[in-house]
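Colleague: Just passing along the structure, written as structure tokens.
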Amino acid sequence: MSDCTHDCSSCGQSCSERDLRAPANAQSSIKHVIAVVSGKGGVGKSTVTACLASAMAKRGRKTAILDADITGPSIPTAFNIHERATGTDDGIDPAVTPGGLKLMSLNLLTNCETDPVVWRGPVIAGVVTQFWTDVVWGDVDYMFVDMPPGTGDVPLTVFQSLPVEGIIVVTSPQDLVSMIVTKAVHMAQMMNIPVLGLIENYSYFQCPDCGGKHAVFGESRLDTVAAELGLPVLARLPMDPELAAAFDVGAIEKQDREIFSQLAEQLDK
């Protein structure tokens with residue numbers, strides 16, 4: 001609606017019961033859309049998105065990433081993509097990684113990657129919708145949407161405008177995990193979006209010498225939280241300095257982790 005304030009608490013409309021989805025680009029056919037979300041920043045959500053998408057592509061599936069984290073886009077860095085996007089009369093062409101994965105991010109449209117995005121929420125949300133409607137994605141089996149943290153304008157726009165068939169919630173083993181995860185899950189449920197499960201990142205550090213596992217951030221409460229919410233725990237990921245370094249230098253596709261291969265297999269039904 002043109003007069004939408006994006007503040008659901010002050011609105012009497014039942015948007016979750018209306019079909020507000022935007023049509024994809026006419027040259028695009030996207031079979032599955034999965035959003036990767038987190039209740040707070042700094043939990044490795046983008047790393048999980050990049051690794052999961054890479055694992056899916058290695059299964060031979062046509063895979064794409066829509067980087068919806070407009071104010072903190074990092075997906076191009078993970079794949080060493082730094083050129084500006086191009087386009088035709090049909091729309092904007094996504095970047096393509098060496099492994100054949102398609103992606104679109106605001107960093108591919110700005111003059112300088114370090115330029116800050118000083119926009120208000122509705123404008124940011126509009127750009128995310130345009131990534132769906134104006135990008136020539138072509139044939140895609142799985143699109144992963146890297147969401148910004150929290151439950152603001154962009155998650156609301158993605159849940160309303162894109163045919164998201166499920167979300168994965170990424171979290172970390174900290175005291176506030178219960179409240180933060182519950183907020184993210186409840187938002188998805190309000191929008192009638194299935195929650196596929198939880199992934200705990202930074203779950204432990206495994207000593208390279210003795211092989212012992214150490215809970216650097218304290219003992220996890222994820223099992224309790226998952227049980228209360230009735231959701232499965234999809235994975236517990238260790239602190240992985242090699243993976244973090246690969247993300248920073250754009251070599252994420254060269255990394256292979258069995259856990260992400262297993263997750264991709266679970267999703268690929």
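As shown in the structure tokens, the chain order sets the letters A, B, ...; within each chain, residues go from 1, and ligands are also counted from 1 in the order they appear.
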Can you pull out every residue from range 15-254 of chain A that DSSP, working from the backbone, puts in helix (DSSP H, G or I), and format the result as an MDAnalysis selection string?
Modeller: chainID A and resid 15:17 45:58 75:78 106:108 121:133 153:161 177:190 222:229 241:248 252:254
Colleague: Among the residues of range 21-73 of chain A, find those DSSP assigns to strand (DSSP E or B) from the backbone and print them as an NGL selection string.
Modeller: :A and (29-37 or 63-67)
Colleague: Please write the residues from the selection above to a file, keeping C-alpha atoms, as an mmCIF file, in the first residue's frame.
Modeller:
data_model
loop_
_atom_site.group_PDB
_atom_site.id
_atom_site.type_symbol
_atom_site.label_atom_id
_atom_site.label_comp_id
_atom_site.auth_asym_id
_atom_site.auth_seq_id
_atom_site.Cartn_x
_atom_site.Cartn_y
_atom_site.Cartn_z
ATOM 1 C CA SER A 29 12.620 -18.671 -13.420
ATOM 2 C CA ILE A 30 13.428 -19.291 -9.744
ATOM 3 C CA LYS A 31 12.265 -22.540 -8.188
ATOM 4 C CA HIS A 32 13.197 -22.223 -4.500
ATOM 5 C CA VAL A 33 13.892 -19.160 -2.330
ATOM 6 C CA ILE A 34 15.452 -19.641 1.110
ATOM 7 C CA ALA A 35 16.256 -16.722 3.413
ATOM 8 C CA VAL A 36 19.134 -16.833 5.897
ATOM 9 C CA VAL A 37 18.383 -14.605 8.874
ATOM 10 C CA THR A 63 22.304 -21.347 -7.478
ATOM 11 C CA ALA A 64 22.064 -17.628 -6.746
ATOM 12 C CA ILE A 65 22.494 -15.247 -3.817
ATOM 13 C CA LEU A 66 20.445 -12.093 -3.394
ATOM 14 C CA ASP A 67 22.374 -9.904 -0.958
#
Colleague: Could you pull the residues within 7 Å of Phe260 in chain A, counting only C-alpha atoms, minus those fewer than 5 positions along the same chain, as an NGL selection string?
Modeller: :A and (51-52 or 55)
Colleague: Counting only C-alpha atoms, which residues in range 78-191 of chain A sit no more than 10 Å from range 234-254 of chain A? For each one, give the nearest pair of atoms and the distance in Å, sorted by chain then residue number, as a Markdown table.
Modeller:
| residue | atom | partner | partner_atom | distance |
| --- | --- | --- | --- | --- |
| A:Ala78 | CA | A:Gly250 | CA | 4.2 |
| A:Phe79 | CA | A:Gly250 | CA | 4.3 |
| A:Asn80 | CA | A:Gly250 | CA | 4.0 |
| A:Ile81 | CA | A:Gly250 | CA | 7.6 |
| A:His82 | CA | A:Gly250 | CA | 9.9 |
| A:Thr97 | CA | A:Glu253 | CA | 8.7 |
| A:Pro98 | CA | A:Glu253 | CA | 8.3 |
| A:Gly99 | CA | A:Glu253 | CA | 7.0 |
| A:Leu101 | CA | A:Glu253 | CA | 9.5 |
| A:Ile168 | CA | A:Leu234 | CA | 8.8 |
| A:Val169 | CA | A:Leu234 | CA | 9.6 |
| A:Val170 | CA | A:Ala235 | CA | 9.6 |
| A:Thr171 | CA | A:Arg236 | CA | 9.7 |
| A:Ser172 | CA | A:Arg236 | CA | 9.3 |
| A:Pro173 | CA | A:Arg236 | CA | 9.8 |
Colleague: Which polymer residues have any atom within 6 Å of an atom of range 105-118 of chain A, counting only C-alpha atoms, with same-chain residues fewer than 4 positions away left out, as a PyMOL selection string?
Modeller: chain A and resi 67+71+84-85
Colleague: Take the residues from that selection and write them out as a JSON list (two decimals), in the first residue's frame, keeping N, CA and C atoms.
Modeller:
[["chain", "number", "residue", "atom", "x", "y", "z"],
["A", 67, "ASP", "N", 21.82, -10.53, -2.16],
["A", 67, "ASP", "CA", 22.37, -9.90, -0.96],
["A", 67, "ASP", "C", 21.44, -8.78, -0.51],
["A", 71, "THR", "N", 22.96, -2.26, 3.77],
["A", 71, "THR", "CA", 23.91, -1.35, 4.45],
["A", 71, "THR", "C", 25.20, -2.06, 4.85],
["A", 84, "ARG", "N", 31.66, -3.69, -11.40],
["A", 84, "ARG", "CA", 30.30, -3.14, -11.35],
["A", 84, "ARG", "C", 29.38, -3.97, -12.24],
["A", 85, "ALA", "N", 28.14, -4.07, -11.84],
["A", 85, "ALA", "CA", 27.15, -4.82, -12.60],
["A", 85, "ALA", "C", 26.83, -4.10, -13.91]]
Colleague: Which residue is closest to Ser203 in chain A? Choose from A:Thr224, A:Gln174, A:Thr182, A:Thr129 and count only C-alpha atoms.
Modeller: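 With only C-alpha atoms as the atom set, the closest residue is A:Gln174.
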Colleague: CA of Met56 in chain A to CA of Tyr142 in chain A: how many Å, to one decimal?
Modeller: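 Rounded to one decimal, the two atoms are 7.9 Å apart.
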Colleague: Choose the residue, out of A:His214, A:Lys183, A:Leu222, A:Pro23, that has the smallest atom-to-atom separation from Ile199 in chain A; count only C-alpha atoms.
Modeller: A:Leu222
Colleague: Record the distance separating CA of Ala95 in chain A and CA of Gln255 in chain A, expressed in Å with one decimal.
Modeller: 19.9 Å
Colleague: Give me the residues near Trp132 in chain A as number ranges by chain, where near means some atom within 10 Å (using only C-alpha atoms) and where sequence neighbours in that chain fewer than 2 positions away do not count.
Modeller: A: 22-25, 28, 66, 104, 127-130, 134-137, 158, 161-162
Colleague: Any idea what the distance is between CA of Thr157 in chain A and CA of Val123 in chain A?
Modeller: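 That distance, rounded to one decimal, is 11.1 Å.
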Colleague: Excluding Gly166 in chain A and its own-chain neighbours fewer than 5 positions away, which residues fall within 6 Å of it when counting only C-alpha atoms? Please give them as a PyMOL selection string.
Modeller: chain A and resi 34+193-196
Colleague: Would you save the residues from that selection as a PDB file, in the first residue's frame, using C-alpha atoms?
Modeller:
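Okay, result.pdb is ready:
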ATOM      1  CA  ILE A  34      15.452 -19.641   1.110  1.00  0.00           C
ATOM      2  CA  ILE A 193       6.995 -18.328   6.529  1.00  0.00           C
ATOM      3  CA  PRO A 194       8.169 -21.815   7.584  1.00  0.00           C
ATOM      4  CA  VAL A 195      11.300 -21.942   9.756  1.00  0.00           C
ATOM      5  CA  LEU A 196      13.519 -24.751   8.481  1.00  0.00           C
TER       6      LEU A 196
END
Colleague: Under the rule that only C-alpha atoms are counted, which of A:Leu231, A:Ile124, A:Ile92, A:Cys207 is the nearest residue to Ala26 in chain A?
Modeller: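 Ranking A:Leu231, A:Ile124, A:Ile92, A:Cys207 by distance to Ala26 in chain A, first place goes to A:Ile92.
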